[in-house]
Amino acid sequence: MTVVVGVAPNHASEAAIHLAVLLARSYDRDLVVASVNSVAWPPSDSRVDTEYQTFLIKNARAAIDAAVALIPSDIRVRTVVHGASSARRGLLEVCEAEKAVRLVLGSASEAGEGIRLGSVSFGLLQAAEIPVAIAPHGFALEPGARLSRVTAAYSGSETSAELVLGGAAVAADAGAGIRIASFHTRPRAFASAGVGLQAEDQVVKQWEMTIRAHTTEILGEIEQSGRVPESVEVVVGAGKNWREALRAIPWEGTEVLLLGSSSLGPLARISLGSHAAKILRAAPVPVVLVPRRATDEYLARARAE
Amino acid sequence: MASSLRQQLFRVKPVPRDGGEAGSQLKRSIGLFQLIMIGVGGTIGTGIFFILSEAVPIAGPAVIWSFVIAGTVAGLSVLCYAELASSVPVSGSSYSYAYSTLGELPAMGVAACLLLEYGVSTAAVAVGWSQYVNQLVLNIFGFEFPHELLYAPEEGGIINLPAVILIFLCMGLLIRGTSQSVVANTIMVLTKIAVLLFFVAVGITGWNVDHFANFAPFGFAGVMTGAGIIFFSFVGLDAVATAGDEAKNPRRNLPIALIAALIVVTGVYVLVALTALGAQASGDFAGQSAGLSAILENIVGATWPGTVVAAGAVISIFSVTLVVLYGQTRILFAMSRDGMAPKVFQKVNPRTMTPVANTVIVSVIVGILAGVLPINFLAEMTSIGTLAAFLVVSIAVMVLRRREPELERKFRVPLYPVIPILSIIGCLWIIKDLRPITIFVFAGWTALVLVWYYFTGRKNSVLGKQIDTGMIVLTGPGRYRLASEGVYGDLNADDLDVDDLDSMDLDPAGSEPRR
């Protein structure tokens, strides 16, 4: 069981390495630093192709070396250069071979806050069957830091409730706390409905009460399960937009946000719902995206123990 | 501490004195121009697309005066509305205002009016929409809906299917989330204004002064009846009034915005009506569906201008249905929170953040109304609901001035008490000219709601429970105050809500509430 972090040749995301270290240390797993280089297709022995392959492998090695240099000595590290027809396929193959529990990636864009998905990471989300952790640009770690809290985003759906329960088990494994967070952007009211521009306030208030009632039930279930996290709490973040809503609640430097998959997506894989995609873009901390099958497994673990 | 029946019927919800409800984040952010746009956008399009063919046969070309009279009366009432909105900063429309000023029973009366106004106007607008959809489909695809699926049973059909479909489309959008609906609405409001200007530009080319020869065939009575039918075309103006708590410099901007919006709206209505009347003899309006579209087709002799208008009408009437349906669900929501409507209306779906059950129930009922009732009956029912609600608001302004003279009012009705009194007279005057059947049905409906209130709402009243548990104390005839300022503050905080009363021990013997 390992944590796999993907590094792109010529572009080793420091944030991704820091996140991978945090997760590997907290879950007490080996860290596998993987770089994927493209294989010739069809495989040929021609001289030119061999030269190009050598160049690619050299690049990949350099990226891995740069990444390994960032990893503290208390983490057990292995490195892999894997040839595949695409970066996406290659990383998935490494995850399978290394029995990965998490795949860690960096944010695509270096501009602005939050997380931007590049084509490779977006493709990986569609195909991955294990949780994928993505670090926002600039994420950095204090020496020896461990995961302090897992915040599970709760949308009110059943899948989302299961994610929270699963997240609690994962948080307990890492000796971290769990926090259930719901977010809302205050819907603008219809100007011409004649019921006043504040009509939506009451609906939002009722929504908050419903969410708090649901999450209290979930907290009860967490407390009854064998593995209780360090701390449990419920928060609601509200704002005019998603960025404000996410920043309305406090975040710790060693915290991850757990986001579930859209219930409309394929069973095993991650597909982002419209809200999840917006939360991801505004996330101030690393985000762990959990496919639905992994949610089920989390849940089974939480209930079995 | 059980209260007497009289106390129960006229118990008044305390007026929040801190200037707003907790959680409101839109403080004084709406400027004058935006206010005018709220009024114009909210009003135009409700009736003008199809009301002419209902009002012209009754008023003749003098329908222009019907528009002016309806607009003036609406304007007077809306000024009263603005004062209440700025002094009773709660959402929920005139129902909430009545609850905070006149008492629970009058509030239920207003609620009956509002339910009628909103529910029925959604149906009325949807029925008008179906005429334009039919016209559009005919122009584009050469296919017409069968008569049976386009008209109410009284008009020789079975069900107005497009109207029912529209209601359910709006229901879907509202359930999905308010944000999306608001964006869709803005686009549609702009479309409808553009389409009306297009109608005027093309329609004016067919001007024929002879069409105005027999100006008022049924005299002043006809004009007034026309005004009654048209009245609901001005309902959107109250949106300006309800923005009172969030408007910048409300004392100056609200009346200016109201009057400006009223002038713009009445101007556009009169312009469209003049163009339509100039282009088509008043005798031809009777029974004409998709009127504006048909007029342009007759003038130009081609279907394309009619198609443009029909397409615009289809889009814009869609937005009106959406907005009014939304209003209906939010009023029921407010009532449900007060214990005046079943609890199901306040259930918010945690995933979509919208009151789903509420929206579905309202849509099914409105869908049935739209499917089986004829349009002119629906339009009249809407008008009487609106008129009655405006009437109560005008009375409430005067009651509140007497009862709470020291209450801070961000906007005061000018020329008080002339305007409230004129508004009351105007409303009554228009009501008396509505058809007797409309008044009977209205009275019956209101009575039904009041009976329901007597047997159910009165006992479930959240305010009543607060009084019985001592959270609110009696301070004078019909007036209650929260037991202490501290409790009052907590009541508006997120951690304690009136719903928490459900979990309290409501011991009739009057023991202290347990928390």
# chains A, B, ... in the order shown; residues from 1 in each chain; ligands from 1
>>> residues_around(residues="stretch 159-174 of chain A", least_positions_apart="6", cutoff="8 Å", atoms="only C-alpha atoms", output="VMD selection string")
chain A and resid 26 to 27 147 149 to 150 152 to 153 180 218 221 to 222 227 to 230 258 to 260 263 290 292 295 to 302
>>> residues_around(residues="B:Leu422", least_positions_apart="5", cutoff="12 Å", atoms="only C-alpha atoms", output="list in words")
Thr72, Val73, Ala74, Gly75, Leu76, Ser77, Val78, Leu79, Cys80, Phe390, Leu391, Ser394, Ile395, Leu415, Tyr416, Pro417, Cys427, Leu428 and Trp429 of chain B
>>> interface_residues(of="chain B", to="chain A", cutoff="7 Å", atoms="only C-alpha atoms", output="PDB file with N, CA, C and O atoms, in the first residue's frame")
ATOM      1  N   GLY B  23     -29.089  37.604   8.574  1.00  0.00           N
ATOM      2  CA  GLY B  23     -28.707  36.870   7.370  1.00  0.00           C
ATOM      3  C   GLY B  23     -28.829  37.695   6.103  1.00  0.00           C
ATOM      4  O   GLY B  23     -28.301  37.341   5.064  1.00  0.00           O
ATOM      5  N   SER B  24     -29.515  38.807   6.147  1.00  0.00           N
ATOM      6  CA  SER B  24     -29.627  39.612   4.941  1.00  0.00           C
ATOM      7  C   SER B  24     -28.300  40.284   4.665  1.00  0.00           C
ATOM      8  O   SER B  24     -27.737  40.958   5.502  1.00  0.00           O
ATOM      9  N   ILE B  38     -35.896  47.392 -11.947  1.00  0.00           N
ATOM     10  CA  ILE B  38     -36.623  46.319 -11.257  1.00  0.00           C
ATOM     11  C   ILE B  38     -38.122  46.470 -11.544  1.00  0.00           C
ATOM     12  O   ILE B  38     -38.812  45.518 -11.886  1.00  0.00           O
ATOM     13  N   GLY B  42     -39.955  43.996 -13.995  1.00  0.00           N
ATOM     14  CA  GLY B  42     -40.898  43.132 -13.298  1.00  0.00           C
ATOM     15  C   GLY B  42     -42.327  43.288 -13.767  1.00  0.00           C
ATOM     16  O   GLY B  42     -43.161  42.428 -13.535  1.00  0.00           O
ATOM     17  N   SER B  91     -39.533  39.649   4.596  1.00  0.00           N
ATOM     18  CA  SER B  91     -39.933  39.192   3.266  1.00  0.00           C
ATOM     19  C   SER B  91     -41.266  38.488   3.389  1.00  0.00           C
ATOM     20  O   SER B  91     -41.712  38.162   4.478  1.00  0.00           O
ATOM     21  N   GLY B  92     -41.900  38.244   2.276  1.00  0.00           N
ATOM     22  CA  GLY B  92     -43.172  37.542   2.331  1.00  0.00           C
ATOM     23  C   GLY B  92     -44.314  38.400   1.816  1.00  0.00           C
ATOM     24  O   GLY B  92     -45.473  38.048   1.971  1.00  0.00           O
ATOM     25  N   SER B  93     -43.970  39.564   1.245  1.00  0.00           N
ATOM     26  CA  SER B  93     -44.973  40.395   0.586  1.00  0.00           C
ATOM     27  C   SER B  93     -46.010  40.933   1.572  1.00  0.00           C
ATOM     28  O   SER B  93     -45.776  40.973   2.774  1.00  0.00           O
ATOM     29  N   THR B 178     -32.106  28.543  -7.487  1.00  0.00           N
ATOM     30  CA  THR B 178     -32.536  29.911  -7.745  1.00  0.00           C
ATOM     31  C   THR B 178     -31.551  30.659  -8.641  1.00  0.00           C
ATOM     32  O   THR B 178     -31.953  31.447  -9.481  1.00  0.00           O
ATOM     33  N   SER B 179     -30.262  30.401  -8.473  1.00  0.00           N
ATOM     34  CA  SER B 179     -29.270  31.164  -9.247  1.00  0.00           C
ATOM     35  C   SER B 179     -29.511  31.026 -10.742  1.00  0.00           C
ATOM     36  O   SER B 179     -29.547  32.007 -11.476  1.00  0.00           O
ATOM     37  N   VAL B 182     -32.505  32.909 -11.870  1.00  0.00           N
ATOM     38  CA  VAL B 182     -32.339  34.365 -11.913  1.00  0.00           C
ATOM     39  C   VAL B 182     -31.646  34.789 -13.207  1.00  0.00           C
ATOM     40  O   VAL B 182     -32.049  35.758 -13.856  1.00  0.00           O
ATOM     41  N   GLY B 236     -46.087  43.789 -11.034  1.00  0.00           N
ATOM     42  CA  GLY B 236     -44.634  43.786 -10.856  1.00  0.00           C
ATOM     43  C   GLY B 236     -44.094  45.021 -10.152  1.00  0.00           C
ATOM     44  O   GLY B 236     -42.995  44.998  -9.600  1.00  0.00           O
ATOM     45  N   ASP B 238     -44.827  46.230  -7.400  1.00  0.00           N
ATOM     46  CA  ASP B 238     -44.611  46.073  -5.960  1.00  0.00           C
ATOM     47  C   ASP B 238     -43.200  45.553  -5.678  1.00  0.00           C
ATOM     48  O   ASP B 238     -42.720  45.636  -4.556  1.00  0.00           O
ATOM     49  N   ALA B 239     -42.539  45.031  -6.711  1.00  0.00           N
ATOM     50  CA  ALA B 239     -41.153  44.581  -6.512  1.00  0.00           C
ATOM     51  C   ALA B 239     -40.272  45.751  -6.104  1.00  0.00           C
ATOM     52  O   ALA B 239     -39.371  45.612  -5.281  1.00  0.00           O
ATOM     53  N   THR B 242     -40.865  46.372  -2.470  1.00  0.00           N
ATOM     54  CA  THR B 242     -40.284  45.381  -1.567  1.00  0.00           C
ATOM     55  C   THR B 242     -38.772  45.500  -1.485  1.00  0.00           C
ATOM     56  O   THR B 242     -38.149  44.900  -0.626  1.00  0.00           O
ATOM     57  N   ALA B 243     -38.191  46.286  -2.387  1.00  0.00           N
ATOM     58  CA  ALA B 243     -36.740  46.518  -2.312  1.00  0.00           C
ATOM     59  C   ALA B 243     -36.429  47.653  -1.336  1.00  0.00           C
ATOM     60  O   ALA B 243     -35.278  48.051  -1.201  1.00  0.00           O
ATOM     61  N   VAL B 323     -41.132  33.691 -12.570  1.00  0.00           N
ATOM     62  CA  VAL B 323     -41.035  34.635 -11.454  1.00  0.00           C
ATOM     63  C   VAL B 323     -42.256  34.540 -10.541  1.00  0.00           C
ATOM     64  O   VAL B 323     -42.138  34.531  -9.318  1.00  0.00           O
ATOM     65  N   VAL B 324     -43.418  34.447 -11.151  1.00  0.00           N
ATOM     66  CA  VAL B 324     -44.632  34.440 -10.328  1.00  0.00           C
ATOM     67  C   VAL B 324     -44.754  33.110  -9.574  1.00  0.00           C
ATOM     68  O   VAL B 324     -45.149  33.072  -8.410  1.00  0.00           O
ATOM     69  N   TYR B 326     -42.302  31.381  -8.596  1.00  0.00           N
ATOM     70  CA  TYR B 326     -41.318  31.531  -7.518  1.00  0.00           C
ATOM     71  C   TYR B 326     -41.939  32.300  -6.351  1.00  0.00           C
ATOM     72  O   TYR B 326     -41.839  31.899  -5.192  1.00  0.00           O
ATOM     73  N   GLY B 327     -42.603  33.415  -6.678  1.00  0.00           N
ATOM     74  CA  GLY B 327     -43.229  34.244  -5.650  1.00  0.00           C
ATOM     75  C   GLY B 327     -44.225  33.438  -4.828  1.00  0.00           C
ATOM     76  O   GLY B 327     -44.251  33.512  -3.597  1.00  0.00           O
ATOM     77  N   ARG B 330     -42.533  31.156  -2.374  1.00  0.00           N
ATOM     78  CA  ARG B 330     -41.887  31.838  -1.259  1.00  0.00           C
ATOM     79  C   ARG B 330     -42.909  32.380  -0.265  1.00  0.00           C
ATOM     80  O   ARG B 330     -42.644  32.469   0.936  1.00  0.00           O
ATOM     81  N   ILE B 331     -44.094  32.749  -0.760  1.00  0.00           N
ATOM     82  CA  ILE B 331     -45.129  33.206   0.162  1.00  0.00           C
ATOM     83  C   ILE B 331     -45.628  32.036   1.013  1.00  0.00           C
ATOM     84  O   ILE B 331     -45.781  32.142   2.228  1.00  0.00           O
ATOM     85  N   VAL B 348     -36.744  22.339   2.912  1.00  0.00           N
ATOM     86  CA  VAL B 348     -35.775  22.717   1.889  1.00  0.00           C
ATOM     87  C   VAL B 348     -34.901  21.511   1.567  1.00  0.00           C
ATOM     88  O   VAL B 348     -34.378  20.867   2.468  1.00  0.00           O
ATOM     89  N   PRO B 350     -31.750  19.665   0.924  1.00  0.00           N
ATOM     90  CA  PRO B 350     -30.384  20.082   1.243  1.00  0.00           C
ATOM     91  C   PRO B 350     -29.461  20.129   0.027  1.00  0.00           C
ATOM     92  O   PRO B 350     -28.492  20.873   0.013  1.00  0.00           O
ATOM     93  N   ARG B 351     -29.748  19.335  -0.977  1.00  0.00           N
ATOM     94  CA  ARG B 351     -28.835  19.293  -2.124  1.00  0.00           C
ATOM     95  C   ARG B 351     -29.048  20.499  -3.047  1.00  0.00           C
ATOM     96  O   ARG B 351     -28.112  21.138  -3.475  1.00  0.00           O
ATOM     97  N   MET B 353     -30.972  23.212  -2.274  1.00  0.00           N
ATOM     98  CA  MET B 353     -31.238  24.435  -1.514  1.00  0.00           C
ATOM     99  C   MET B 353     -32.543  25.110  -1.903  1.00  0.00           C
ATOM    100  O   MET B 353     -32.697  26.312  -1.784  1.00  0.00           O
TER     101      MET B 353
END
>>> select_by_dssp(residues="stretch 6-248 of chain A", states="alpha helix (DSSP H)", output="ChimeraX atom specification")
/A:14-27,47-70,87-97,119-127,158-173,199-224,242-247
>>> residues_around(residues="B:Phe67", least_positions_apart="2", cutoff="10 Å", atoms="only C-alpha atoms", output="ChimeraX atom specification")
/B:55,62-65,69-72,223-224,226-231,233-234,265-267,269-270,273
>>> residues_around(residues="B:Gly172", least_positions_apart="3", cutoff="12 Å", atoms="only C-alpha atoms", output="PyMOL selection string")
chain B and resi 165-169+175-178+180-181+322+325-326+352+354-357+359-360+363-364
>>> atom_distance(atom1="atom CA of B:Val300", atom2="atom CA of B:Ala276")
13.3 Å
